[in-house]
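Enquirer: Below is the file start-v4.txt, which contains compact mmCIF, C-alpha atoms.
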# COMPACT_ATOMS: atom_id res chain seq x y z
CA MET A 9 14.35 21.64 -6.17
CA LYS A 10 12.24 19.49 -3.82
CA LYS A 11 9.09 21.00 -5.37
CA LEU A 12 10.40 20.03 -8.78
CA PHE A 13 10.97 16.43 -7.68
CA ALA A 14 7.49 16.29 -6.12
CA PHE A 15 6.06 17.64 -9.38
CA MET A 16 7.96 15.03 -11.41
CA VAL A 17 6.64 12.11 -9.38
CA SER A 18 3.11 13.50 -9.38
CA ILE A 19 3.27 13.68 -13.18
CA ALA A 20 4.52 10.09 -13.39
CA LEU A 21 1.75 8.78 -11.14
CA SER A 22 -0.86 10.96 -12.83
CA LEU A 23 0.07 9.58 -16.24
CA THR A 24 -0.50 6.11 -14.84
CA ALA A 25 -3.99 7.12 -13.75
CA ILE A 26 -4.74 8.77 -17.10
CA PHE A 27 -3.75 5.71 -19.10
CA ALA A 28 -5.49 3.43 -16.63
CA CYS A 29 -8.83 5.15 -17.27
CA ALA A 30 -8.37 5.36 -21.01
CA CYS A 31 -10.76 2.47 -21.57
CA THR A 32 -14.07 2.37 -23.36
CA PRO A 33 -17.48 2.43 -21.67
CA THR A 34 -18.60 -1.02 -20.60
CA ALA A 35 -19.98 -3.47 -23.13
CA PRO A 36 -22.55 -6.16 -22.29
CA GLY A 37 -21.06 -8.83 -20.04
CA SER A 38 -18.26 -6.60 -18.72
CA VAL A 39 -17.65 -4.94 -15.34
CA ALA A 40 -18.29 -1.21 -15.01
CA PHE A 41 -15.85 0.78 -12.84
CA LYS A 42 -17.06 3.77 -10.82
CA TYR A 43 -14.04 5.46 -9.28
CA TYR A 44 -13.75 7.07 -5.84
CA ASN A 45 -10.75 8.95 -4.49
CA LEU A 46 -10.92 7.36 -1.04
CA ALA A 47 -12.60 4.39 0.58
CA GLY A 48 -14.37 6.82 2.90
CA ASP A 49 -16.03 8.47 -0.11
CA MET A 50 -17.49 5.14 -1.22
CA LEU A 51 -18.82 3.94 2.14
CA PRO A 52 -21.91 6.19 2.32
CA VAL A 53 -22.82 5.33 -1.28
CA LEU A 54 -22.75 1.62 -0.45
CA MET A 55 -24.62 2.16 2.81
CA ARG A 56 -27.42 4.06 1.03
CA GLY A 57 -27.74 1.28 -1.52
CA ASP A 58 -26.86 3.56 -4.45
CA LEU A 59 -24.08 1.08 -5.20
CA SER A 60 -24.28 -2.64 -4.43
CA VAL A 61 -20.65 -3.70 -4.97
CA GLY A 62 -17.40 -2.00 -3.96
CA LEU A 63 -13.69 -2.79 -3.89
CA LEU A 64 -12.50 -1.86 -0.40
CA PRO A 65 -9.33 -2.35 1.63
CA GLU A 66 -9.23 -3.40 5.23
CA PRO A 67 -9.98 -1.78 7.64
CA ALA A 68 -12.58 0.06 5.47
CA ALA A 69 -14.30 -3.21 4.49
CA SER A 70 -15.03 -4.09 8.11
CA LYS A 71 -15.96 -0.49 8.85
CA LEU A 72 -18.66 -0.79 6.19
CA GLU A 73 -20.03 -3.87 7.95
CA SER A 74 -20.06 -2.19 11.35
CA LEU A 75 -21.67 1.03 10.07
CA SER A 76 -24.44 -0.78 8.19
CA SER A 77 -25.16 -3.69 10.50
CA ASN A 78 -28.74 -3.80 9.20
CA LYS A 79 -27.36 -5.29 5.96
CA THR A 80 -25.56 -8.51 5.24
CA TRP A 81 -22.35 -7.99 3.28
CA TYR A 82 -20.76 -10.73 1.21
CA ARG A 83 -17.01 -10.82 0.51
CA LEU A 84 -14.62 -12.05 -2.11
CA ASN A 85 -10.95 -12.05 -1.08
CA VAL A 86 -9.00 -10.34 -3.87
CA GLN A 87 -5.71 -11.80 -2.62
CA GLU A 88 -7.05 -15.34 -3.13
CA LEU A 89 -8.46 -14.39 -6.53
CA TYR A 90 -5.09 -12.98 -7.59
CA ASP A 91 -2.99 -15.89 -6.29
CA SER A 92 -4.90 -18.89 -4.97
CA GLN A 93 -1.75 -20.44 -3.48
CA GLU A 94 0.01 -17.54 -1.78
CA LYS A 95 -3.24 -15.61 -1.13
CA ALA A 96 -1.10 -12.48 -1.25
CA TYR A 97 0.76 -10.06 -3.48
CA PRO A 98 3.42 -7.44 -2.66
CA GLN A 99 1.37 -4.34 -1.89
CA ALA A 100 3.36 -1.84 0.21
CA VAL A 101 7.13 -1.79 0.54
CA MET A 102 9.63 -0.04 2.80
CA LEU A 103 12.41 2.11 1.34
CA VAL A 104 15.34 3.27 3.50
CA ASN A 105 17.89 5.94 2.68
CA ASN A 106 21.30 4.55 1.67
CA LYS A 107 23.15 6.89 4.02
CA LEU A 108 21.16 5.63 7.00
CA LEU A 109 21.80 2.00 6.05
CA LYS A 110 25.50 2.65 5.66
CA ARG A 111 25.80 4.20 9.12
CA PHE A 112 23.61 1.52 10.71
CA PRO A 113 23.97 -1.67 8.62
CA GLN A 114 22.11 -3.65 11.28
CA LEU A 115 19.05 -1.39 11.13
CA ALA A 116 17.10 -3.51 8.62
CA SER A 117 17.46 -6.67 10.71
CA GLU A 118 16.58 -4.76 13.89
CA MET A 119 13.43 -3.45 12.26
CA ALA A 120 12.55 -6.93 11.00
CA ASN A 121 12.93 -8.40 14.50
CA ALA A 122 10.85 -5.65 16.08
CA PHE A 123 8.22 -5.87 13.33
CA SER A 124 7.21 -9.40 14.29
CA GLY A 125 5.49 -8.15 17.44
CA ASN A 126 3.51 -5.37 15.78
CA VAL A 127 0.54 -7.39 14.56
CA GLU A 128 -0.27 -9.05 17.89
CA TRP A 129 0.16 -5.73 19.66
CA VAL A 130 -2.33 -4.02 17.34
CA LYS A 131 -4.81 -6.89 17.84
CA ASN A 132 -4.55 -6.54 21.61
CA ASN A 133 -4.38 -2.72 21.69
CA PRO A 134 -6.56 -1.35 18.87
CA ALA A 135 -7.34 1.92 20.67
CA LEU A 136 -3.67 2.63 21.37
CA ALA A 137 -2.76 1.74 17.79
CA VAL A 138 -5.36 4.07 16.28
CA ASP A 139 -4.52 6.87 18.71
CA ALA A 140 -0.82 6.56 17.83
CA VAL A 141 -1.52 6.72 14.09
CA ASN A 142 -4.05 9.56 14.31
CA ALA A 143 -1.82 11.63 16.60
CA ASN A 144 0.82 11.69 13.87
CA LEU A 145 -1.38 12.62 10.89
CA VAL A 146 0.05 15.37 8.70
CA GLU A 147 -2.23 17.29 6.33
CA THR A 148 -4.71 14.43 6.01
CA THR A 149 -7.85 13.28 7.82
CA ALA A 150 -8.10 10.14 9.92
CA SER A 151 -9.42 6.98 8.28
CA LEU A 152 -8.97 4.64 11.25
CA THR A 153 -11.30 4.23 14.22
CA ALA A 154 -10.67 1.89 17.15
CA SER A 155 -14.22 0.48 16.92
CA SER A 156 -13.50 -0.89 13.44
CA ILE A 157 -10.25 -2.65 14.43
CA ASN A 158 -10.24 -6.21 15.76
CA ALA A 159 -8.17 -9.35 15.29
CA ASN A 160 -9.98 -10.38 12.11
CA VAL A 161 -9.55 -6.93 10.59
CA VAL A 162 -5.83 -6.91 11.38
CA ASP A 163 -5.46 -10.38 9.85
CA GLY A 164 -7.24 -9.02 6.76
CA CYS A 165 -4.63 -6.28 6.47
CA ASN A 166 -2.06 -9.01 5.64
CA ILE A 167 0.79 -7.37 7.55
CA TYR A 168 4.11 -9.17 7.82
CA TRP A 169 7.77 -8.51 7.09
CA GLN A 170 9.25 -10.11 3.97
CA SER A 171 12.83 -9.18 3.20
CA ALA A 172 13.70 -7.60 -0.14
CA THR A 173 15.77 -10.65 -1.09
CA ASP A 174 12.92 -13.07 -0.40
CA ALA A 175 10.35 -10.86 -2.14
CA LYS A 176 12.31 -10.08 -5.31
CA THR A 177 10.64 -12.64 -7.58
CA GLN A 178 7.13 -11.91 -6.32
CA ILE A 179 7.66 -8.18 -6.82
CA ALA A 180 8.94 -8.69 -10.37
CA ASN A 181 6.00 -10.94 -11.26
CA TYR A 182 3.44 -8.55 -9.79
CA LEU A 183 4.92 -5.52 -11.54
CA ASN A 184 4.86 -7.43 -14.82
CA ASP A 185 1.19 -8.27 -14.29
CA ILE A 186 0.16 -4.66 -13.79
CA LYS A 187 2.45 -3.41 -16.58
CA ASN A 188 0.57 -5.75 -18.91
CA ILE A 189 -2.58 -3.83 -18.01
CA VAL A 190 -1.08 -0.32 -18.11
CA SER A 191 2.48 -0.11 -19.39
CA THR A 192 3.18 3.11 -17.48
CA SER A 193 1.95 1.78 -14.14
CA ALA A 194 5.34 0.44 -13.04
CA LYS A 195 8.96 0.01 -14.03
CA GLU A 196 11.33 -2.87 -13.59
CA ILE A 197 13.30 -2.54 -10.36
CA ALA A 198 17.04 -3.07 -10.80
CA ASP A 199 18.67 -5.79 -8.69
CA GLU A 200 20.90 -3.29 -6.91
CA TYR A 201 17.83 -1.45 -5.61
CA PHE A 202 16.96 -4.44 -3.42
CA TYR A 203 18.78 -4.24 -0.10
CA SER A 204 21.10 -7.08 0.87
CA ASP A 205 23.89 -5.27 2.76
CA ASN A 206 24.90 -3.81 -0.59
CA ILE A 207 25.64 -0.15 0.13
CA ASP A 208 28.19 1.44 -2.17
CA SER A 209 31.37 2.38 -0.35
CA MET A 210 31.17 5.83 -1.95
CA VAL A 211 27.88 6.63 -0.19
CA GLU A 212 28.26 9.21 2.57
CA GLU A 213 27.15 8.27 6.06
CA PHE A 214 23.97 9.63 7.61
CA THR A 215 24.89 12.66 9.74
CA SER A 216 21.57 13.74 11.25
CA ASN A 217 20.33 12.52 14.63
CA THR A 218 16.71 12.62 13.44
CA VAL A 219 15.26 9.96 11.15
CA LYS A 220 12.16 11.09 9.27
CA VAL A 221 9.62 8.33 8.66
CA ALA A 222 6.65 8.74 6.30
CA VAL A 223 3.85 6.22 5.90
CA PRO A 224 0.39 6.44 4.27
CA ASP A 225 -2.69 6.16 6.46
CA GLY A 226 -4.53 2.84 6.69
CA ALA A 227 -2.99 -0.63 6.77
CA PRO A 228 0.60 0.61 6.17
CA ALA A 229 0.30 2.89 9.20
CA LEU A 230 -1.10 0.04 11.31
CA ALA A 231 1.92 -2.00 10.25
CA ILE A 232 4.19 0.30 12.29
CA ALA A 233 1.65 1.51 14.88
CA LYS A 234 3.61 -0.07 17.74
CA PHE A 235 6.79 1.71 16.62
CA ILE A 236 4.88 4.99 16.63
CA ASN A 237 3.23 4.33 20.00
CA ASP A 238 6.49 3.29 21.65
CA GLY A 239 8.53 6.08 20.10
CA GLU A 240 10.83 3.37 18.76
CA ASP A 241 14.21 4.85 17.80
CA PHE A 242 16.12 1.57 17.16
CA GLU A 243 19.59 3.08 17.58
CA THR A 244 21.16 4.96 20.49
CA GLY A 245 21.50 8.63 19.66
CA LEU A 246 18.76 8.62 17.02
CA THR A 247 15.23 10.00 17.20
CA PHE A 248 12.66 8.58 14.79
CA ASP A 249 10.07 11.18 13.77
CA TYR A 250 6.93 9.46 12.42
CA ASP A 251 4.51 11.17 9.99
CA VAL A 252 1.30 9.59 8.68
CA VAL A 253 0.37 11.21 5.38
CA SER A 254 -2.03 10.91 2.47
CA ALA A 255 -1.26 8.21 -0.11
CA GLN A 256 -1.40 10.96 -2.74
CA VAL A 257 1.80 12.60 -1.45
CA ILE A 258 3.83 9.62 -0.25
CA GLY A 259 5.91 9.36 -3.45
CA SER A 260 7.18 12.92 -3.06
CA LYS A 261 8.67 11.98 0.31
CA VAL A 262 11.12 9.81 -1.64
CA THR A 263 11.77 11.89 -4.75
CA GLY A 264 12.22 15.03 -2.68
CA GLY A 265 14.44 13.26 -0.18
CA VAL A 266 12.11 14.47 2.58
CA ALA A 267 11.95 11.20 4.52
CA ASP A 268 14.62 8.65 5.40
CA VAL A 269 12.26 5.69 5.81
CA VAL A 270 9.17 5.49 3.61
CA ILE A 271 6.39 2.94 3.13
CA LEU A 272 4.60 3.24 -0.21
CA PRO A 273 2.80 1.10 -2.83
CA VAL A 274 5.15 -1.21 -4.71
CA ASN A 275 4.34 0.25 -8.13
CA ALA A 276 4.99 3.78 -6.83
CA ALA A 277 8.32 2.56 -5.44
CA SER A 278 9.24 1.22 -8.88
CA LEU A 279 8.43 4.57 -10.48
CA VAL A 280 10.16 6.84 -7.96
CA SER A 281 13.26 4.64 -7.86
CA GLN A 282 14.37 6.39 -11.05
CA ILE A 283 13.21 9.95 -10.30
CA GLY A 284 14.91 12.68 -8.27
CA ASN A 285 16.33 11.35 -5.02
CA GLY A 286 14.69 7.95 -5.50
CA SER A 287 17.99 6.30 -6.40
CA ASN A 288 19.32 7.20 -2.96
CA TYR A 289 17.16 4.52 -1.30
CA LYS A 290 17.05 0.74 -1.01
CA LEU A 291 13.97 -1.45 -1.01
CA VAL A 292 14.29 -3.22 2.33
CA SER A 293 11.07 -5.21 2.67
CA VAL A 294 7.44 -5.81 1.79
CA VAL A 295 5.27 -4.93 4.80
CA THR A 296 1.69 -5.43 3.55
CA HIS A 297 0.64 -8.17 1.16
CA GLY A 298 -2.80 -7.20 -0.08
CA ASN A 299 -5.86 -6.18 1.90
CA LEU A 300 -8.55 -5.81 -0.77
CA PHE A 301 -12.05 -7.26 -0.65
CA ILE A 302 -14.96 -7.14 -3.06
CA MET A 303 -17.92 -6.21 -0.86
CA SER A 304 -21.42 -6.97 -2.13
CA SER A 305 -24.84 -6.35 -0.60
CA THR A 306 -26.18 -9.35 -2.53
CA PRO A 307 -24.83 -12.91 -2.35
CA ILE A 308 -21.70 -13.47 -4.45
CA THR A 309 -19.46 -16.53 -4.63
CA SER A 310 -17.47 -15.96 -7.81
CA VAL A 311 -15.85 -13.02 -9.56
CA SER A 312 -17.70 -14.06 -12.74
CA GLU A 313 -20.89 -12.83 -11.06
CA LEU A 314 -19.62 -9.25 -11.44
CA ALA A 315 -20.41 -9.32 -15.16
CA ASN A 316 -22.91 -6.55 -16.06
CA LYS A 317 -22.48 -4.95 -12.61
CA THR A 318 -21.07 -1.58 -11.54
CA VAL A 319 -18.29 -1.80 -8.96
CA GLY A 320 -17.00 1.07 -6.85
CA VAL A 321 -13.20 1.17 -7.12
CA ILE A 322 -10.54 3.21 -5.29
CA GLY A 323 -6.97 4.00 -6.26
CA GLN A 324 -7.50 4.73 -9.93
CA GLY A 325 -4.32 3.79 -11.81
CA ASN A 326 -2.72 2.43 -8.64
CA VAL A 327 -2.46 -0.87 -6.76
CA PRO A 328 -6.17 -1.42 -5.89
CA ASP A 329 -7.38 -0.59 -9.40
CA LEU A 330 -4.61 -2.48 -11.19
CA THR A 331 -4.83 -5.58 -8.97
CA PHE A 332 -8.59 -5.77 -9.51
CA LYS A 333 -8.07 -5.49 -13.27
CA ALA A 334 -5.47 -8.27 -13.13
CA VAL A 335 -8.04 -10.48 -11.37
CA LEU A 336 -10.67 -9.69 -13.99
CA ASN A 337 -8.18 -10.46 -16.76
CA LYS A 338 -7.41 -13.85 -15.22
CA ASN A 339 -11.13 -14.59 -15.24
CA ASN A 340 -11.60 -13.40 -18.84
CA LEU A 341 -13.82 -10.51 -17.78
CA LYS A 342 -13.70 -7.24 -19.65
CA PHE A 343 -14.08 -3.89 -17.91
CA GLY A 344 -14.71 -0.24 -18.64
CA ILE A 345 -15.85 3.04 -17.15
CA ALA A 346 -19.39 3.28 -15.79
CA ILE A 347 -21.52 5.79 -17.71
Please go through the file and, once you have read it, give me the structure as structure tokens.
Expert:
Amino acid sequence: MKKLFAFMVSIALSLTAIFACACTPTAPGSVAFKYYNLAGDMLPVLMRGDLSVGLLPEPAASKLESLSSNKTWYRLNVQELYDSQEKAYPQAVMLVNNKLLKRFPQLASEMANAFSGNVEWVKNNPALAVDAVNANLVETTASLTASSINANVVDGCNIYWQSATDAKTQIANYLNDIKNIVSTSAKEIADEYFYSDNIDSMVEEFTSNTVKVAVPDGAPALAIAKFINDGEDFETGLTFDYDVVSAQVIGSKVTGGVADVVILPVNAASLVSQIGNGSNYKLVSVVTHGNLFIMSSTPITSVSELANKTVGVIGQGNVPDLTFKAVLNKNNLKFGIAI
């Protein structure tokens, strides 16, 4: 049954990617997209000069700068381009199993309080943070290196805790923006899915002593690196078991009921909330708020300068791709697939 749920969510996310790429080749004046599966796949292409512009998340954007120090790289902050006031958007969210929240109703607030110290700890202990994340990788390769993590990089990851209640409007607005680009990319999240001490009395209590945590590699993993390093268990009698996995499989950790605490992209959370075991979770918080940068090997000061250029893009049909398209739409720029 778990394999069936994993298959269902993979189909849902795959359909998003299919419809997201169902655009025509680029016309004059538009932006050409060249897709890459991972940021690490794009880095050598940019370093060789085969591509001059790429959409990269932190810490990969700074890793590009450190690996090709013979070049000057120019940045545009996608968060500012998307929302010039907030300079953020809800990127990755935390879901927690209803049963766990019923047994430990104070868990969300305890996690919020502990979360506040994570960012400064990562800034001061980059090697420990990376070691903690990489030691807990499951069936994926490491993307983080201590040499590419510093205070500026961590700030660029835009990590902070925003409760589900406080984030509800921003999440709804963001999901509407990306649904306007690809209708299958997200679904509306029902009010009852947002956690506010609202666990149904009929929900059974959590009976295990082990809490499985799943988080994708990169900025979301850095967001809880201190928890991983410290072996943070939050509650007496519980053991938190942390797994860092590929972004490609994170949705199945929810739909298959494999993990009790999961961090995943907000659009994926909206999709899995209605598939398989997805309804057995609550959205507790937003933990990362956008970490994308347009990196160019030639001077660039405005997104309008991307017209007639090819841009390397990751996350086809997902948050990076859709957010970038939303920015282009706001600037009246058309886009298509590079030929």
Enquirer: With distances taken over only C-alpha atoms, which residue among A:Asp251, A:Glu240, A:Glu94, A:Asp268 lies nearest A:Pro228?
Expert: A:Asp251
Enquirer: Using all atoms listed in the file, can you tell me which of A:Pro307, A:Gly259, A:Pro328, A:Gly245 comes closest to A:Leu103?
Expert: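 Closest candidate: A:Gly259.
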Enquirer: Contacts of A:Ser155 at 9 Å or less, counting only C-alpha atoms, minus same-chain residues fewer than 3 places along, as a VMD selection string?
Expert: chain A and resid 71 74 134 to 135 152 158
Enquirer: Taking into account only C-alpha atoms, which residue in the set A:Glu128, A:Asp329, A:Glu88, A:Asp139 is nearest to A:Ser193?
Expert: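 Ranked by minimum distance to A:Ser193, first place goes to A:Asp329.
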Enquirer: Would you mind reading off the distance between atom CA of A:Ala143 and atom CA of A:Leu75, one decimal, in Å?
Expert: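 Interatomic distance here is 23.4 Å.
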Enquirer: Have a look at A:Ile236, A:Val335, A:Val141, A:Val274 and name the one nearest to A:Leu300; count all atoms listed in the file.
Expert: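 That would be A:Val335, the residue with the smallest distance to A:Leu300.
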Enquirer: Using all atoms listed in the file, determine which residues lie at most 8 Å from stretch 36-47 of chain A, disregarding the query and same-chain residues fewer than 3 positions distant; provide the list as a ChimeraX atom specification.
Expert: /A:33,50-51,64-65,68,314-324,341-346
Enquirer: Please determine the residues with any atom at most 12 Å from (23.0, -8.4, -3.5) (coordinates as given in the file, with all atoms listed in the file counting) and report them as a VMD selection string.
Expert: chain A and resid 172 to 174 176 198 to 208 290 to 292
Enquirer: Atom CA of A:Glu66 and atom CA of A:Val53, how far apart in Å?
Expert: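 Distance between the two atoms: 17.4 Å.
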Enquirer: Here is a test: counting only C-alpha atoms, which residue of A:Ala154, A:Ala175, A:Met210, A:Val252 is nearest to A:His297?
Expert: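 Of A:Ala154, A:Ala175, A:Met210, A:Val252, the one nearest A:His297 is A:Ala175, counting only C-alpha atoms.
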Enquirer: Select, from A:Ala227, A:Val269, A:Ile197, A:Ala276, the residue with the minimum atom-to-atom distance to A:Asn181, counting all atoms listed in the file.
Expert: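 The answer is A:Ile197, which sits nearest to A:Asn181.
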Enquirer: Which residues are near A:Gln114? Cut-off 10 Å, only C-alpha atoms, ignore same chain within fewer than 3 positions. Put them as a PyMOL selection string.
Expert: chain A and resi 109-111+117-119+205+242-243
Enquirer: Please provide as number ranges by chain all residues within 9 Å of A:Met303, with the sequence filter that same-chain residues fewer than 6 positions apart are discarded (counting only C-alpha atoms).
Expert: A: 60-64, 69, 72, 81-84
Enquirer: How many Å separate atom CA of A:Tyr289 from atom CA of A:Lys187?
Expert: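 Atom CA of A:Lys187 lies at a distance of 22.6 Å from atom CA of A:Tyr289.
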Enquirer: Write out as JSON an axis-aligned box for stretch 236-249 of chain A: all of its atoms listed in the file, 4 Å added on each side, centre and edge lengths in Å with one decimal.
Expert:
{"center_x": 12.4, "center_y": 6.4, "center_z": 17.7, "size_x": 26.3, "size_y": 17.6, "size_z": 15.9}
Enquirer: Give me the residues within 12 Å of A:Thr331 as an MDAnalysis selection string, counting all atoms listed in the file and dropping any in the same chain fewer than 6 places off.
Expert: chainID A and resid 28 63 65 85:91 96:99 182:190 193 273:275 297:302 321:325 337:338
